[in-house]
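A quick write-up on the structure given underneath.
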Amino acid sequence: MSAQIWTYLLVGFTFFIYILIAIVSRAGSTKEFYVAGGGVNPIANGMATAADWMSAASFLSMAGLIAFMGFSGGQYLMGWTGGYVLLALLLAPYLRKFGKFTVPDFIGERYYSKNARLVALICALFVSFTYVVGQMKGVGVAFARFLNVPFDTGVLIGIGIVFFYAVLGGMKGITYTQVAQFCVLIFAFTVPAIFISLQMTGNPVPQIGFGSKGNDGVFLLEKLNQLSVDLGFDAYTSVNKDNLVNMFFITGALMFGTAGLPHVIVRFFTVPRVKDARISAGWALLFIAILYTTAPAVAVFARTNLINTLSNAKYEDAPSWFKNWEKTGLLTFEDKNNDGKIQYVADANLNELKVDQDIIVLANPEIANLPPWVIGLVVAGGLAAALSTAAGLLLVISTSISHDLLKNYLRPDISEKGELYAARIAIAVAVVAAGLAGLNPPGFVAQVVALAFGLAASSFFPAIILGIFDKRMNREGAISGMIIGILFTASYIIHFKPQLGGTGIPDDFWWGISPEGIGTLGMLINFVVAISVSRLTTKPPKDVQELTESIRTPRGSITPKNSLH
Amino acid sequence: MSKKAQSYWKVNLKYLAILLSIWFLVSFLFGIALAESLNQFYIAGFPLGFWFAHQGSIYTFVILIFVYVFLMNKLDKKFDVDEN
């Protein structure tokens, strides 16, 4: 059977399973719709969180990105996993004890302020919407390239599927679908990696394989370093000294951003107890780590294979995958010196080969001559990654609208049934809006993701941490910290992102910190401002101080002044 | 805050300080700031600094969370604040 037929079969089969799960786990109440009834098993929640977290970017783009960055690529590996330590230790157990549905809930009650809730609500909506548009685009691209349907149709199919199970099942349907999606995506990512590791090093564990000796008896990394240096690139494992400060800040911004992202935090409201919230973060990171420790191995295998197969090869002898990807424009060859051979070197004037980082994971099975079903599997995995992340984000958007905006702001007297109805309408509208934006994405989608992490790091993270760990923190401190943190971070990013209309140039970066890393500084500024202002203004009211105390111990119930349900 | 709750919180903060120091050490120091010096040493074919940035810090993160869960479950029982 051809790769095409395998792809249809595997994608069709996985979609059938997602829909089946959605029908079985329909939501009957707002609690089921927002937090899956609060009774999800911690291991299942860990898988769902992992699927929610690992987007099309983690699955398709990250390994390729690392393959071309070498050592510095570690910023994504550490940045997108280290945040879970912060979540498990500093946030998840306390927010679970607090026991509401959303981040704006916490901000609004801890800081006894509707304005604080509104600031949090706007941030949550902005961050989530930015993200989801990118996922919708990913779905369209995957469909278009492998199932021979037009990009638009691909996005529409994606909207249809997510619409069905998100509107029907809410968080409950999404959680159990994500468990299935996690299994699909992790299987799809590791199987090709195991095959290639066996091929290149004889070791079936990619995490060990990429440090081992290759078939020629030379350590793989040593060989790759040598190949890279010969072609004029930096050695793969060597530290880029000029970039260290920036790498430090980017890693931090991604970690603190992760711990401040609403669609990640909300997962810890879905488990029954405080101790489940702690262990659930552990399971989530364990499941995420399977992909995140395999990705750097895939990166090394792919880069080595790429150089070995293509460097100085005759163009007419290039393998069939080379020609196939050439058609998509993601891989280009320009014979500058007309010798009929492919020169792949660091010097831009002599280099004749351009490879888009996004094709590394998708092309890897073909480069390594794996059987056609593996290609189908990788496509199904990429779609699982994109759909699961999209669904989780859409839920945050709909909850923000029906719960935070409607129930707590505009129409507090709405009935439970009415709120559930509103939540369903909100998610339906959000799915369609995200799909339409995905059909016609603004050119700066990728750029805005930096903004999303930066804003989460410089707004939510300090506000929540201080709300738990600093009893003296008050409304004035938290709000001024959030606003100044956001304004600083957003201005820096916009100023230095030409795609967002900025006029700054990289030479003017503060201490060499690029916009991706500025969230770390924004976070520090937020902390300093919040603490200073709070100490100069009045203490928070007594009942809020008691609330802060009671979220610190697992046992006992919380009785906030304006109980919502 | 009662005496008991206060000393429970103090122990919790001590655990956090220790575990987060390790978190900072393996990623920001071993994986970034000190990576170049560590790259002179090798572990299973990997230059050590590179290994921390691409593998070791992630393994450590996972272990840190499970250690924290273990410590806190014990602490909850000891101070009798665990959920039933």
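Numbering starts fresh at 1 for the residues of each chain in the structure tokens, the chains themselves are lettered A, B, ... in the order given, and ligands are numbered from 1 as they appear.
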
- May I have the residues of chain A within 8 Å of chain B, counting only C-alpha atoms, written as a PyMOL selection string? chain A and resi 71+73-75+77-78+81-82+84-85+88-89+207-208+211-213+219+221+237-239+244+247-248+273-275+278-279+281-282+285-286+289+292-293+296+549+552-556

Write the residues you've just listed into a file as a short mmCIF file (atom, residue, chain, number, x, y, z; two decimals), in the first residue's frame, and include N, CA and C atoms for each of them.
```cif
data_model
loop_
_atom_site.label_atom_id
_atom_site.label_comp_id
_atom_site.auth_asym_id
_atom_site.auth_seq_id
_atom_site.Cartn_x
_atom_site.Cartn_y
_atom_site.Cartn_z
N PHE A 71 23.36 23.36 20.00
CA PHE A 71 23.32 23.59 21.45
C PHE A 71 22.24 24.59 21.87
N GLY A 73 19.46 25.29 20.78
CA GLY A 73 18.10 24.76 20.73
C GLY A 73 17.63 24.26 22.09
N GLY A 74 18.59 24.05 23.00
CA GLY A 74 18.24 23.64 24.36
C GLY A 74 17.29 24.61 25.04
N GLN A 75 17.26 25.87 24.60
CA GLN A 75 16.36 26.84 25.22
C GLN A 75 14.90 26.40 25.10
N LEU A 77 13.92 23.17 24.69
CA LEU A 77 13.75 21.92 25.44
C LEU A 77 13.59 22.20 26.92
N MET A 78 14.47 23.03 27.48
CA MET A 78 14.39 23.35 28.90
C MET A 78 13.22 24.28 29.19
N THR A 81 9.74 22.65 29.26
CA THR A 81 9.50 21.59 30.25
C THR A 81 9.66 22.14 31.67
N GLY A 82 10.61 23.06 31.87
CA GLY A 82 10.94 23.54 33.21
C GLY A 82 9.77 24.24 33.89
N TYR A 84 6.86 23.27 34.17
CA TYR A 84 6.02 22.33 34.91
C TYR A 84 6.49 22.14 36.35
N VAL A 85 7.80 22.33 36.58
CA VAL A 85 8.30 22.27 37.95
C VAL A 85 7.67 23.42 38.75
N ALA A 88 3.96 22.64 39.37
CA ALA A 88 3.71 21.62 40.39
C ALA A 88 4.03 22.13 41.78
N LEU A 89 5.10 22.93 41.90
CA LEU A 89 5.57 23.35 43.22
C LEU A 89 4.92 24.64 43.70
N GLN A 207 17.23 8.32 22.95
CA GLN A 207 17.86 9.21 23.94
C GLN A 207 19.30 8.78 24.23
N ILE A 208 19.58 7.48 24.14
CA ILE A 208 20.94 6.99 24.35
C ILE A 208 21.66 6.91 23.02
N GLY A 211 23.98 9.62 21.55
CA GLY A 211 25.29 9.81 22.16
C GLY A 211 26.22 8.65 21.85
N SER A 212 25.70 7.63 21.15
CA SER A 212 26.48 6.41 20.93
C SER A 212 27.33 6.50 19.67
N LYS A 213 28.06 5.40 19.44
CA LYS A 213 28.87 5.32 18.22
C LYS A 213 27.99 4.89 17.05
N PHE A 219 31.74 8.22 17.40
CA PHE A 219 30.60 8.78 18.12
C PHE A 219 29.81 9.69 17.18
N LEU A 221 27.86 12.25 17.69
CA LEU A 221 27.96 13.69 17.91
C LEU A 221 29.31 14.23 17.43
N THR A 237 27.58 20.73 19.10
CA THR A 237 27.41 20.75 20.56
C THR A 237 28.08 21.94 21.22
N SER A 238 28.75 22.80 20.45
CA SER A 238 29.52 23.86 21.09
C SER A 238 28.62 25.02 21.52
N VAL A 239 29.03 25.67 22.61
CA VAL A 239 28.25 26.74 23.20
C VAL A 239 28.45 28.04 22.42
N LEU A 244 24.65 33.66 25.06
CA LEU A 244 24.31 33.03 26.35
C LEU A 244 23.29 33.81 27.17
N MET A 247 19.96 33.37 25.60
CA MET A 247 19.45 32.01 25.82
C MET A 247 18.89 31.87 27.24
N PHE A 248 19.61 32.47 28.19
CA PHE A 248 19.19 32.48 29.59
C PHE A 248 17.79 33.11 29.73
N ARG A 273 -8.47 16.24 44.11
CA ARG A 273 -7.86 16.69 45.35
C ARG A 273 -6.55 17.45 45.11
N VAL A 274 -6.08 18.14 46.17
CA VAL A 274 -4.82 18.88 46.08
C VAL A 274 -3.67 17.94 45.74
N LYS A 275 -3.63 16.76 46.41
CA LYS A 275 -2.51 15.86 46.14
C LYS A 275 -2.56 15.34 44.71
N ARG A 278 -0.86 17.92 42.45
CA ARG A 278 0.61 17.83 42.47
C ARG A 278 1.09 16.70 41.57
N ILE A 279 0.55 15.50 41.79
CA ILE A 279 1.06 14.34 41.07
C ILE A 279 0.69 14.43 39.59
N ALA A 281 0.70 17.06 37.73
CA ALA A 281 1.73 17.85 37.05
C ALA A 281 2.95 16.97 36.78
N GLY A 282 3.26 16.07 37.72
CA GLY A 282 4.37 15.14 37.53
C GLY A 282 4.13 14.20 36.35
N LEU A 285 4.41 16.12 33.03
CA LEU A 285 5.78 16.38 32.59
C LEU A 285 6.47 15.08 32.14
N LEU A 286 6.18 13.98 32.82
CA LEU A 286 6.77 12.70 32.41
C LEU A 286 6.35 12.39 30.97
N ALA A 289 8.00 14.73 28.62
CA ALA A 289 9.43 14.46 28.52
C ALA A 289 9.74 13.35 27.51
N TYR A 292 9.99 15.34 24.47
CA TYR A 292 11.02 16.37 24.52
C TYR A 292 12.44 15.81 24.66
N THR A 293 12.59 14.57 25.13
CA THR A 293 13.94 14.00 25.14
C THR A 293 14.22 13.23 23.85
N PRO A 296 15.57 16.01 20.58
CA PRO A 296 16.97 16.34 20.27
C PRO A 296 17.70 15.19 19.58
N GLU A 549 -4.57 32.19 53.63
CA GLU A 549 -4.12 31.15 54.56
C GLU A 549 -4.73 29.81 54.23
N ARG A 552 -3.34 27.46 51.59
CA ARG A 552 -1.99 26.92 51.81
C ARG A 552 -2.01 25.51 52.40
N THR A 553 -3.13 25.08 52.96
CA THR A 553 -3.19 23.71 53.47
C THR A 553 -4.25 22.94 52.68
N PRO A 554 -3.96 21.65 52.39
CA PRO A 554 -4.88 20.87 51.57
C PRO A 554 -6.26 20.67 52.19
N ARG A 555 -6.33 20.45 53.51
CA ARG A 555 -7.62 20.10 54.09
C ARG A 555 -8.47 21.33 54.37
N GLY A 556 -9.78 21.09 54.49
CA GLY A 556 -10.69 22.17 54.86
C GLY A 556 -11.32 22.79 53.63
#
```

(request) Fewer than 6 positions away in the same chain doesn't count, so skip those; otherwise give me all residues within 12 Å of Ala530 of chain A, counting only C-alpha atoms, as an NGL selection string. (result) :A and (458-459 or 462-467 or 470 or 472-485 or 523-524 or 536-537)

Kindly export the residues of the current selection with C-alpha atoms, as an mmCIF file, in the first residue's frame.
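Ended up saving to result06.cif:
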```cif
data_model
loop_
_atom_site.group_PDB
_atom_site.id
_atom_site.type_symbol
_atom_site.label_atom_id
_atom_site.label_comp_id
_atom_site.auth_asym_id
_atom_site.auth_seq_id
_atom_site.Cartn_x
_atom_site.Cartn_y
_atom_site.Cartn_z
ATOM 1 C CA SER A 458 4.898 39.171 32.931
ATOM 2 C CA SER A 459 1.237 39.269 34.022
ATOM 3 C CA PRO A 462 3.721 37.030 39.371
ATOM 4 C CA ALA A 463 0.102 37.870 40.214
ATOM 5 C CA ILE A 464 -0.717 34.256 41.083
ATOM 6 C CA ILE A 465 2.549 33.528 42.906
ATOM 7 C CA LEU A 466 2.231 36.648 45.057
ATOM 8 C CA GLY A 467 -1.436 35.862 45.689
ATOM 9 C CA ASP A 470 2.631 36.928 49.959
ATOM 10 C CA ARG A 472 0.415 41.180 52.400
ATOM 11 C CA MET A 473 -0.077 41.506 48.624
ATOM 12 C CA ASN A 474 -3.084 43.691 47.906
ATOM 13 C CA ARG A 475 -5.236 44.857 45.022
ATOM 14 C CA GLU A 476 -3.199 47.981 44.337
ATOM 15 C CA GLY A 477 0.094 46.093 44.190
ATOM 16 C CA ALA A 478 -1.138 43.253 41.983
ATOM 17 C CA ILE A 479 -2.918 45.438 39.466
ATOM 18 C CA SER A 480 -0.080 47.942 39.092
ATOM 19 C CA GLY A 481 2.403 45.059 38.790
ATOM 20 C CA MET A 482 0.361 43.383 36.074
ATOM 21 C CA ILE A 483 -0.239 46.542 34.093
ATOM 22 C CA ILE A 484 3.373 47.746 34.199
ATOM 23 C CA GLY A 485 4.684 44.232 33.481
ATOM 24 C CA MET A 523 8.213 39.360 35.169
ATOM 25 C CA LEU A 524 10.953 40.720 37.431
ATOM 26 C CA LEU A 536 2.914 51.570 50.544
ATOM 27 C CA THR A 537 -0.834 50.944 50.452
#
```

- Task: Check the smallest atom-to-atom distance from each of A:Gly99, A:Gly329, A:Pro365, A:Gly108 to Val379 of chain A using only C-alpha atoms, then report the winner.
- Result: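 The closest residue to Val379 of chain A is A:Pro365.
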
Name the residues of chain B that fall into strand (DSSP E or B) according to DSSP on the backbone, using the chain letters and numbers of this document, as a list of chain:residue names. B:Tyr42, B:Ile43, B:Phe46, B:Pro47

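For the atom pair formed by atom CA of Phe16 of chain A and atom CA of Gly438 of chain A, the distance is 23.5 Å, given to one decimal.
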
Atom pair atom CA of Phe269 of chain A + atom CA of Val103 of chain A, distance 10.0 Å

Pairwise distance, atom CA of Ala346 of chain A with atom CA of Leu231 of chain A, equals 6.2 Å

### Test item, helix (DSSP H, G or I) assignment across segment 374-533 of chain A, answer as a ChimeraX atom specification
/A:374-410,416-439,445-458,460-469,475-496,498-500,506-508,510-512,515-533

I want to know what sits within 10 Å of Ser197 of chain A, based on only C-alpha atoms, with residues of the same chain fewer than 3 positions away left out; could you give that as a ChimeraX atom specification? /A:191-194,200-210,212,214,297-298,301

Just write the chosen residues, N, CA and C atoms, as a short mmCIF file (atom, residue, chain, number, x, y, z; two decimals), in the first residue's frame.
```cif
data_model
loop_
_atom_site.label_atom_id
_atom_site.label_comp_id
_atom_site.auth_asym_id
_atom_site.auth_seq_id
_atom_site.Cartn_x
_atom_site.Cartn_y
_atom_site.Cartn_z
N VAL A 191 8.04 6.12 17.25
CA VAL A 191 8.29 4.97 16.36
C VAL A 191 9.36 5.27 15.29
N PRO A 192 9.20 6.36 14.52
CA PRO A 192 10.25 6.64 13.54
C PRO A 192 11.61 6.88 14.20
N ALA A 193 11.61 7.53 15.38
CA ALA A 193 12.88 7.82 16.06
C ALA A 193 13.58 6.52 16.45
N ILE A 194 12.80 5.53 16.92
CA ILE A 194 13.39 4.24 17.31
C ILE A 194 13.98 3.53 16.09
N MET A 200 21.00 3.84 12.65
CA MET A 200 22.24 4.61 12.67
C MET A 200 23.21 4.19 13.76
N THR A 201 22.68 3.67 14.87
CA THR A 201 23.58 3.37 15.99
C THR A 201 23.40 1.96 16.54
N GLY A 202 22.37 1.23 16.10
CA GLY A 202 22.13 -0.10 16.64
C GLY A 202 21.48 -0.07 18.01
N ASN A 203 21.22 1.13 18.56
CA ASN A 203 20.58 1.24 19.87
C ASN A 203 19.11 1.65 19.69
N PRO A 204 18.17 0.87 20.26
CA PRO A 204 16.75 1.19 20.03
C PRO A 204 16.26 2.40 20.83
N VAL A 205 17.02 2.87 21.81
CA VAL A 205 16.57 4.01 22.60
C VAL A 205 17.20 5.29 22.04
N PRO A 206 16.40 6.13 21.37
CA PRO A 206 16.98 7.31 20.72
C PRO A 206 17.75 8.22 21.69
N GLN A 207 17.23 8.32 22.95
CA GLN A 207 17.86 9.21 23.94
C GLN A 207 19.30 8.78 24.23
N ILE A 208 19.58 7.48 24.14
CA ILE A 208 20.94 6.99 24.35
C ILE A 208 21.66 6.91 23.02
N GLY A 209 20.88 6.53 21.98
CA GLY A 209 21.45 6.33 20.65
C GLY A 209 22.22 7.52 20.13
N PHE A 210 21.70 8.74 20.35
CA PHE A 210 22.38 9.87 19.71
C PHE A 210 23.68 10.27 20.41
N SER A 212 25.70 7.63 21.15
CA SER A 212 26.48 6.41 20.93
C SER A 212 27.33 6.50 19.67
N GLY A 214 28.24 5.48 15.89
CA GLY A 214 27.52 5.09 14.69
C GLY A 214 28.10 3.79 14.13
N ALA A 297 17.26 13.94 19.84
CA ALA A 297 17.86 12.80 19.15
C ALA A 297 17.47 12.84 17.67
N VAL A 298 16.17 13.07 17.42
CA VAL A 298 15.69 13.18 16.04
C VAL A 298 16.46 14.28 15.31
N PHE A 301 19.96 12.96 14.39
CA PHE A 301 19.86 11.97 13.31
C PHE A 301 19.58 12.67 11.98
#
```
